[in-house]
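Here's work_32.txt, which has compact mmCIF, N, CA and C atoms:
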```txt
# COMPACT_ATOMS: atom_id res chain seq x y z
N MET F 2 0.84 -1.18 0.00
CA MET F 2 0.00 0.00 0.00
C MET F 2 0.88 1.23 0.00
N ASP F 3 0.78 2.06 -1.02
CA ASP F 3 1.60 3.26 -1.14
C ASP F 3 0.90 4.43 -0.46
N VAL F 4 1.53 4.97 0.59
CA VAL F 4 0.94 6.10 1.32
C VAL F 4 1.81 7.34 1.21
N SER F 5 2.81 7.32 0.31
CA SER F 5 3.75 8.43 0.22
C SER F 5 3.08 9.72 -0.19
N GLY F 6 2.02 9.68 -0.96
CA GLY F 6 1.36 10.89 -1.41
C GLY F 6 0.22 11.32 -0.52
N SER F 7 -0.07 10.56 0.52
CA SER F 7 -1.20 10.86 1.40
C SER F 7 -0.90 12.08 2.26
N PRO F 8 -1.82 13.05 2.31
CA PRO F 8 -1.58 14.26 3.11
C PRO F 8 -1.67 13.99 4.61
N HIS F 9 -2.20 12.83 5.01
CA HIS F 9 -2.36 12.51 6.42
C HIS F 9 -1.16 11.79 7.01
N ILE F 10 -0.22 11.37 6.17
CA ILE F 10 0.97 10.67 6.63
C ILE F 10 2.11 11.67 6.72
N LEU F 11 2.73 11.77 7.91
CA LEU F 11 3.83 12.70 8.11
C LEU F 11 5.16 11.97 8.00
N SER F 12 6.16 12.67 7.49
CA SER F 12 7.49 12.09 7.44
C SER F 12 8.06 12.01 8.85
N ASP F 13 9.09 11.21 9.01
CA ASP F 13 9.73 11.07 10.32
C ASP F 13 10.21 12.42 10.85
N ASP F 14 10.79 13.24 9.97
CA ASP F 14 11.30 14.55 10.39
C ASP F 14 10.17 15.44 10.89
N ARG F 15 9.04 15.43 10.22
CA ARG F 15 7.92 16.27 10.63
C ARG F 15 7.32 15.77 11.94
N ILE F 16 7.30 14.46 12.14
CA ILE F 16 6.80 13.91 13.40
C ILE F 16 7.72 14.32 14.55
N VAL F 17 9.03 14.20 14.34
CA VAL F 17 9.99 14.58 15.37
C VAL F 17 9.86 16.07 15.67
N THR F 18 9.71 16.89 14.65
CA THR F 18 9.54 18.33 14.84
C THR F 18 8.29 18.63 15.64
N ALA F 19 7.20 17.98 15.32
CA ALA F 19 5.95 18.20 16.05
C ALA F 19 6.07 17.77 17.50
N ILE F 20 6.71 16.64 17.74
CA ILE F 20 6.90 16.16 19.11
C ILE F 20 7.77 17.13 19.89
N ARG F 21 8.85 17.62 19.28
CA ARG F 21 9.71 18.60 19.95
C ARG F 21 8.94 19.86 20.33
N ALA F 22 8.10 20.34 19.43
CA ALA F 22 7.32 21.56 19.70
C ALA F 22 6.35 21.32 20.86
N ILE F 23 5.72 20.16 20.87
CA ILE F 23 4.79 19.84 21.96
C ILE F 23 5.53 19.74 23.28
N ILE F 24 6.69 19.10 23.28
CA ILE F 24 7.48 18.97 24.51
C ILE F 24 7.90 20.34 25.01
N ARG F 25 8.37 21.22 24.09
CA ARG F 25 8.75 22.58 24.50
C ARG F 25 7.59 23.32 25.13
N GLN F 26 6.42 23.23 24.51
CA GLN F 26 5.24 23.92 25.04
C GLN F 26 4.86 23.38 26.41
N GLU F 27 4.87 22.07 26.55
CA GLU F 27 4.49 21.47 27.83
C GLU F 27 5.51 21.79 28.92
N LEU F 28 6.78 21.78 28.58
CA LEU F 28 7.81 22.15 29.56
C LEU F 28 7.65 23.61 29.98
N ALA F 29 7.40 24.47 29.00
CA ALA F 29 7.20 25.89 29.33
C ALA F 29 6.00 26.06 30.24
N ARG F 30 4.92 25.34 29.96
CA ARG F 30 3.73 25.41 30.82
C ARG F 30 4.03 24.88 32.22
N ALA F 31 4.72 23.75 32.28
CA ALA F 31 5.03 23.15 33.59
C ALA F 31 5.90 24.07 34.42
N LEU F 32 6.85 24.73 33.80
CA LEU F 32 7.72 25.65 34.53
C LEU F 32 6.98 26.91 34.96
N ASP F 33 5.96 27.30 34.21
CA ASP F 33 5.22 28.52 34.51
C ASP F 33 3.98 28.28 35.36
N VAL F 34 3.71 27.04 35.75
CA VAL F 34 2.50 26.72 36.51
C VAL F 34 2.45 27.53 37.80
N GLN F 35 3.59 27.69 38.45
CA GLN F 35 3.62 28.39 39.72
C GLN F 35 3.39 29.89 39.55
N GLN F 36 3.69 30.42 38.39
CA GLN F 36 3.49 31.84 38.14
C GLN F 36 2.10 32.07 37.59
N LYS F 37 1.44 33.10 38.10
CA LYS F 37 0.12 33.43 37.59
C LYS F 37 0.29 34.13 36.24
N ASP F 38 -0.56 33.77 35.31
CA ASP F 38 -0.49 34.38 33.98
C ASP F 38 -0.79 35.87 34.10
N LYS F 39 -0.01 36.67 33.42
CA LYS F 39 -0.14 38.12 33.48
C LYS F 39 -0.84 38.61 32.22
N LEU F 40 -1.78 39.54 32.38
CA LEU F 40 -2.42 40.17 31.23
C LEU F 40 -1.62 41.39 30.83
N LEU F 41 -1.39 41.50 29.53
CA LEU F 41 -0.59 42.60 29.01
C LEU F 41 -1.44 43.53 28.16
N THR F 42 -1.10 44.80 28.18
CA THR F 42 -1.73 45.77 27.29
C THR F 42 -1.07 45.66 25.91
N VAL F 43 -1.58 46.40 24.95
CA VAL F 43 -1.01 46.38 23.60
C VAL F 43 0.45 46.83 23.65
N ASP F 44 0.72 47.91 24.39
CA ASP F 44 2.10 48.41 24.48
C ASP F 44 3.03 47.38 25.12
N GLU F 45 2.56 46.71 26.18
CA GLU F 45 3.38 45.70 26.84
C GLU F 45 3.60 44.49 25.95
N ALA F 46 2.56 44.08 25.23
CA ALA F 46 2.69 42.95 24.31
C ALA F 46 3.69 43.28 23.19
N ALA F 47 3.60 44.50 22.67
CA ALA F 47 4.51 44.91 21.60
C ALA F 47 5.96 44.90 22.11
N GLU F 48 6.16 45.39 23.33
CA GLU F 48 7.51 45.39 23.91
C GLU F 48 8.02 43.96 24.11
N MET F 49 7.15 43.10 24.63
CA MET F 49 7.54 41.71 24.88
C MET F 49 7.93 41.00 23.57
N LEU F 50 7.18 41.26 22.51
CA LEU F 50 7.42 40.61 21.23
C LEU F 50 8.45 41.33 20.37
N SER F 51 8.93 42.49 20.85
CA SER F 51 9.87 43.33 20.09
C SER F 51 9.26 43.73 18.74
N LEU F 52 8.00 44.13 18.79
CA LEU F 52 7.28 44.56 17.59
C LEU F 52 6.75 45.97 17.81
N ALA F 53 6.45 46.63 16.73
CA ALA F 53 5.81 47.94 16.82
C ALA F 53 4.33 47.72 17.16
N VAL F 54 3.74 48.70 17.85
CA VAL F 54 2.33 48.60 18.23
C VAL F 54 1.42 48.37 17.02
N PRO F 55 1.62 49.11 15.90
CA PRO F 55 0.77 48.84 14.73
C PRO F 55 0.88 47.40 14.21
N THR F 56 2.05 46.78 14.37
CA THR F 56 2.22 45.39 13.94
C THR F 56 1.39 44.46 14.82
N VAL F 57 1.32 44.76 16.12
CA VAL F 57 0.50 43.95 17.02
C VAL F 57 -0.97 44.07 16.63
N TYR F 58 -1.42 45.30 16.34
CA TYR F 58 -2.80 45.49 15.89
C TYR F 58 -3.07 44.71 14.59
N LYS F 59 -2.09 44.69 13.69
CA LYS F 59 -2.25 43.96 12.43
C LYS F 59 -2.39 42.46 12.71
N LEU F 60 -1.57 41.91 13.62
CA LEU F 60 -1.66 40.49 13.97
C LEU F 60 -3.01 40.17 14.61
N VAL F 61 -3.54 41.10 15.42
CA VAL F 61 -4.86 40.93 16.02
C VAL F 61 -5.92 40.91 14.93
N ASN F 62 -5.84 41.87 14.02
CA ASN F 62 -6.80 41.99 12.93
C ASN F 62 -6.82 40.73 12.06
N GLN F 63 -5.66 40.10 11.91
CA GLN F 63 -5.55 38.88 11.09
C GLN F 63 -5.80 37.61 11.91
N ASN F 64 -6.14 37.79 13.20
CA ASN F 64 -6.35 36.66 14.12
C ASN F 64 -5.15 35.73 14.18
N LYS F 65 -3.95 36.29 14.14
CA LYS F 65 -2.73 35.48 14.20
C LYS F 65 -2.22 35.32 15.62
N ILE F 66 -2.63 36.20 16.54
CA ILE F 66 -2.26 36.06 17.94
C ILE F 66 -3.53 36.10 18.79
N SER F 67 -3.45 35.45 19.92
CA SER F 67 -4.59 35.37 20.84
C SER F 67 -4.73 36.68 21.61
N PHE F 68 -5.97 37.15 21.76
CA PHE F 68 -6.21 38.39 22.49
C PHE F 68 -7.57 38.33 23.16
N MET F 69 -7.77 39.24 24.10
CA MET F 69 -9.07 39.40 24.75
C MET F 69 -9.46 40.87 24.61
N LYS F 70 -10.74 41.10 24.43
CA LYS F 70 -11.19 42.47 24.30
C LYS F 70 -12.23 42.74 25.37
N ARG F 71 -11.96 43.75 26.15
CA ARG F 71 -12.88 44.18 27.21
C ARG F 71 -13.15 45.65 26.97
N THR F 72 -14.39 46.00 26.82
CA THR F 72 -14.80 47.35 26.40
C THR F 72 -14.05 47.69 25.13
N ARG F 73 -13.25 48.71 25.12
CA ARG F 73 -12.53 49.07 23.90
C ARG F 73 -11.04 48.77 23.99
N ARG F 74 -10.65 47.99 24.98
CA ARG F 74 -9.23 47.71 25.19
C ARG F 74 -8.90 46.26 24.87
N LEU F 75 -7.69 46.08 24.36
CA LEU F 75 -7.18 44.74 24.07
C LEU F 75 -6.24 44.30 25.17
N TYR F 76 -6.31 43.02 25.52
CA TYR F 76 -5.39 42.44 26.49
C TYR F 76 -4.84 41.14 25.92
N PHE F 77 -3.65 40.81 26.36
CA PHE F 77 -2.96 39.62 25.86
C PHE F 77 -2.45 38.80 27.03
N SER F 78 -2.59 37.49 26.94
CA SER F 78 -2.04 36.58 27.94
C SER F 78 -0.55 36.42 27.66
N GLU F 79 0.26 36.71 28.65
CA GLU F 79 1.71 36.58 28.48
C GLU F 79 2.08 35.13 28.13
N GLN F 80 1.42 34.17 28.78
CA GLN F 80 1.70 32.76 28.53
C GLN F 80 1.33 32.39 27.09
N ARG F 81 0.19 32.87 26.61
CA ARG F 81 -0.22 32.54 25.23
C ARG F 81 0.71 33.17 24.20
N LEU F 82 1.21 34.37 24.50
CA LEU F 82 2.17 34.99 23.58
C LEU F 82 3.47 34.19 23.56
N ASN F 83 3.90 33.70 24.72
CA ASN F 83 5.09 32.84 24.76
C ASN F 83 4.87 31.57 23.96
N ASP F 84 3.69 30.96 24.10
CA ASP F 84 3.36 29.76 23.32
C ASP F 84 3.38 30.06 21.83
N TRP F 85 2.85 31.21 21.44
CA TRP F 85 2.82 31.62 20.03
C TRP F 85 4.24 31.76 19.51
N LEU F 86 5.12 32.35 20.31
CA LEU F 86 6.52 32.49 19.90
C LEU F 86 7.17 31.12 19.70
N LEU F 87 6.90 30.19 20.61
CA LEU F 87 7.48 28.85 20.49
C LEU F 87 6.97 28.13 19.24
N ARG F 88 5.69 28.29 18.94
CA ARG F 88 5.12 27.65 17.74
C ARG F 88 5.69 28.27 16.46
N SER F 89 6.10 29.51 16.54
CA SER F 89 6.61 30.22 15.36
C SER F 89 8.07 29.90 15.07
N GLN F 90 8.71 29.15 15.96
CA GLN F 90 10.13 28.86 15.82
C GLN F 90 10.36 27.98 14.61
N THR F 91 11.37 28.31 13.81
CA THR F 91 11.71 27.50 12.64
C THR F 91 12.95 26.67 12.93
N GLN F 92 13.12 25.65 12.14
CA GLN F 92 14.28 24.78 12.28
C GLN F 92 15.42 25.27 11.40
N THR F 93 16.64 25.00 11.84
CA THR F 93 17.79 25.26 11.00
C THR F 93 17.86 24.17 9.93
N ASP F 94 18.66 24.40 8.90
CA ASP F 94 18.84 23.37 7.87
C ASP F 94 19.43 22.11 8.47
N ASP F 95 20.34 22.27 9.44
CA ASP F 95 20.94 21.09 10.07
C ASP F 95 19.87 20.26 10.78
N GLU F 96 18.92 20.92 11.45
CA GLU F 96 17.85 20.19 12.12
C GLU F 96 16.91 19.53 11.11
N ARG F 97 16.62 20.23 10.02
CA ARG F 97 15.69 19.70 9.02
C ARG F 97 16.29 18.57 8.20
N PHE F 98 17.56 18.71 7.81
CA PHE F 98 18.15 17.74 6.90
C PHE F 98 19.11 16.78 7.58
N GLY F 99 19.31 16.94 8.89
CA GLY F 99 20.20 16.03 9.61
C GLY F 99 21.62 16.07 9.11
N ALA F 100 22.25 17.22 9.20
CA ALA F 100 23.62 17.38 8.70
C ALA F 100 24.56 16.43 9.42
N VAL F 101 25.47 15.86 8.66
CA VAL F 101 26.45 14.92 9.19
C VAL F 101 27.81 15.32 8.63
N GLU F 102 28.85 15.23 9.46
CA GLU F 102 30.18 15.55 8.96
C GLU F 102 30.89 14.25 8.57
N ILE F 103 31.39 14.20 7.32
CA ILE F 103 32.09 13.02 6.82
C ILE F 103 33.47 13.46 6.36
N ASP F 104 34.49 12.97 7.02
CA ASP F 104 35.88 13.30 6.66
C ASP F 104 36.07 14.80 6.47
N GLY F 105 35.55 15.60 7.38
CA GLY F 105 35.74 17.04 7.31
C GLY F 105 34.79 17.75 6.36
N LEU F 106 33.94 17.01 5.67
CA LEU F 106 32.97 17.61 4.76
C LEU F 106 31.60 17.51 5.40
N GLN F 107 30.82 18.54 5.30
CA GLN F 107 29.48 18.52 5.88
C GLN F 107 28.50 18.02 4.82
N ALA F 108 27.72 16.99 5.17
CA ALA F 108 26.79 16.38 4.23
C ALA F 108 25.37 16.75 4.60
N LYS F 109 24.59 17.21 3.60
CA LYS F 109 23.18 17.53 3.79
C LYS F 109 22.41 17.05 2.57
N GLY F 110 21.44 16.22 2.78
CA GLY F 110 20.52 15.82 1.72
C GLY F 110 21.18 15.31 0.46
N GLY F 111 22.28 14.54 0.55
CA GLY F 111 22.90 13.97 -0.63
C GLY F 111 23.98 14.84 -1.24
N TYR F 112 24.22 16.04 -0.69
CA TYR F 112 25.25 16.92 -1.20
C TYR F 112 26.28 17.17 -0.11
N CYS F 113 27.54 17.31 -0.51
CA CYS F 113 28.59 17.64 0.44
C CYS F 113 28.88 19.13 0.32
N PHE F 114 29.26 19.71 1.43
CA PHE F 114 29.58 21.13 1.45
C PHE F 114 31.00 21.29 1.95
N SER F 115 31.81 21.96 1.18
CA SER F 115 33.15 22.33 1.59
C SER F 115 33.17 23.84 1.50
N GLY F 116 33.12 24.51 2.64
CA GLY F 116 32.92 25.95 2.63
C GLY F 116 31.46 26.19 2.37
N SER F 117 31.15 27.01 1.37
CA SER F 117 29.75 27.30 1.09
C SER F 117 29.26 26.68 -0.22
N GLU F 118 30.17 26.05 -0.97
CA GLU F 118 29.80 25.49 -2.27
C GLU F 118 29.41 24.02 -2.16
N PRO F 119 28.18 23.66 -2.57
CA PRO F 119 27.80 22.25 -2.53
C PRO F 119 28.31 21.50 -3.75
N PHE F 120 28.61 20.22 -3.57
CA PHE F 120 28.92 19.36 -4.69
C PHE F 120 28.41 17.96 -4.38
N HIS F 121 27.97 17.26 -5.39
CA HIS F 121 27.37 15.94 -5.20
C HIS F 121 28.44 14.87 -5.23
N VAL F 122 28.43 14.04 -4.21
CA VAL F 122 29.37 12.92 -4.13
C VAL F 122 28.56 11.71 -3.70
N ALA F 123 28.81 10.59 -4.32
CA ALA F 123 28.03 9.38 -4.03
C ALA F 123 28.10 8.98 -2.57
N GLY F 124 29.20 9.25 -1.88
CA GLY F 124 29.33 8.85 -0.48
C GLY F 124 28.67 9.79 0.49
N CYS F 125 28.17 10.90 0.03
CA CYS F 125 27.55 11.89 0.94
C CYS F 125 26.09 11.67 1.05
```
Take the structure in the file and give it back as structure tokens.
Amino acid sequence: MDVSGSPHILSDDRIVTAIRAIIRQELARALDVQQKDKLLTVDEAAEMLSLAVPTVYKLVNQNKISFMKRTRRLYFSEQRLNDWLLRSQTQTDDERFGAVEIDGLQAKGGYCFSGSEPFHVAGC
């Protein structure tokens, strides 16, 4: 049974990535259990995320970050913003392709790298 084209089957790398993200989130939650979640204003959220205030409003408008609205004010859960940051983390090429060093050459995805120039070698 060929399942390689099935959208419901994940590759080993994607499964490992998903598991790592879940573990990071759960560890962050477990470490923060003792601390009460703090509500942040737009200005505080922007400072925490190192973003401009208009960018935070844009993310709210696009429903890309979690927020609460009370009367005419927006509030943000510090814990949820931290979770959002963790979910937004990308992998390096080494993490994605499993870089391996062979005789001083770095191998990624069937290509060897010596310096910055890739070249294909059967042993890589």
Point to revise | Spatial neighbours of stretch 55-68 of chain F, 6.5 Å, all atoms listed in the file, chain gap at least 3 places, as JSON, numbers by chain | key: {"F": [47, 52, 75, 76, 77, 78, 81]}
Exercise for review: Measuring atom to atom with all atoms listed in the file, identify which of F:Lys70, F:Arg21, F:Asp14, F:Glu48 is nearest to F:Glu96.
Suggested key: F:Asp14
Point to revise | From F:Leu50, F:Gln80, F:Arg15, F:Thr72, residue lying nearest F:Arg30 [only N, CA and C atoms] | key: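 Of F:Leu50, F:Gln80, F:Arg15, F:Thr72, the one nearest F:Arg30 is F:Gln80, counting only N, CA and C atoms.
Between atom C of F:Arg74 and atom CA of F:Thr42 there is a distance of 7.6 Å.
Separating atom CA of F:Asp44 from atom CA of F:Gln90 is a distance of 22.8 Å.
For the residues F:Arg73, F:Arg97, F:Met49, F:Asp84, ranking by smallest atom-to-atom distance to F:Arg25 using all atoms listed in the file places F:Asp84 first.
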Point to revise | Among listed residues F:Ser12, F:Arg88, F:Arg71, F:Leu40, nearest F:Glu27 (using only C-alpha atoms) | key: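 When distances to F:Glu27 are compared using only C-alpha atoms, the smallest one comes from F:Arg88.
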Exercise for review: Using atom N of F:Ile23 and atom N of F:Asn83 as the two end points, give the distance in Å to one decimal.
Suggested key: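 Pair atom N of F:Ile23 / atom N of F:Asn83 returns 14.2 Å.
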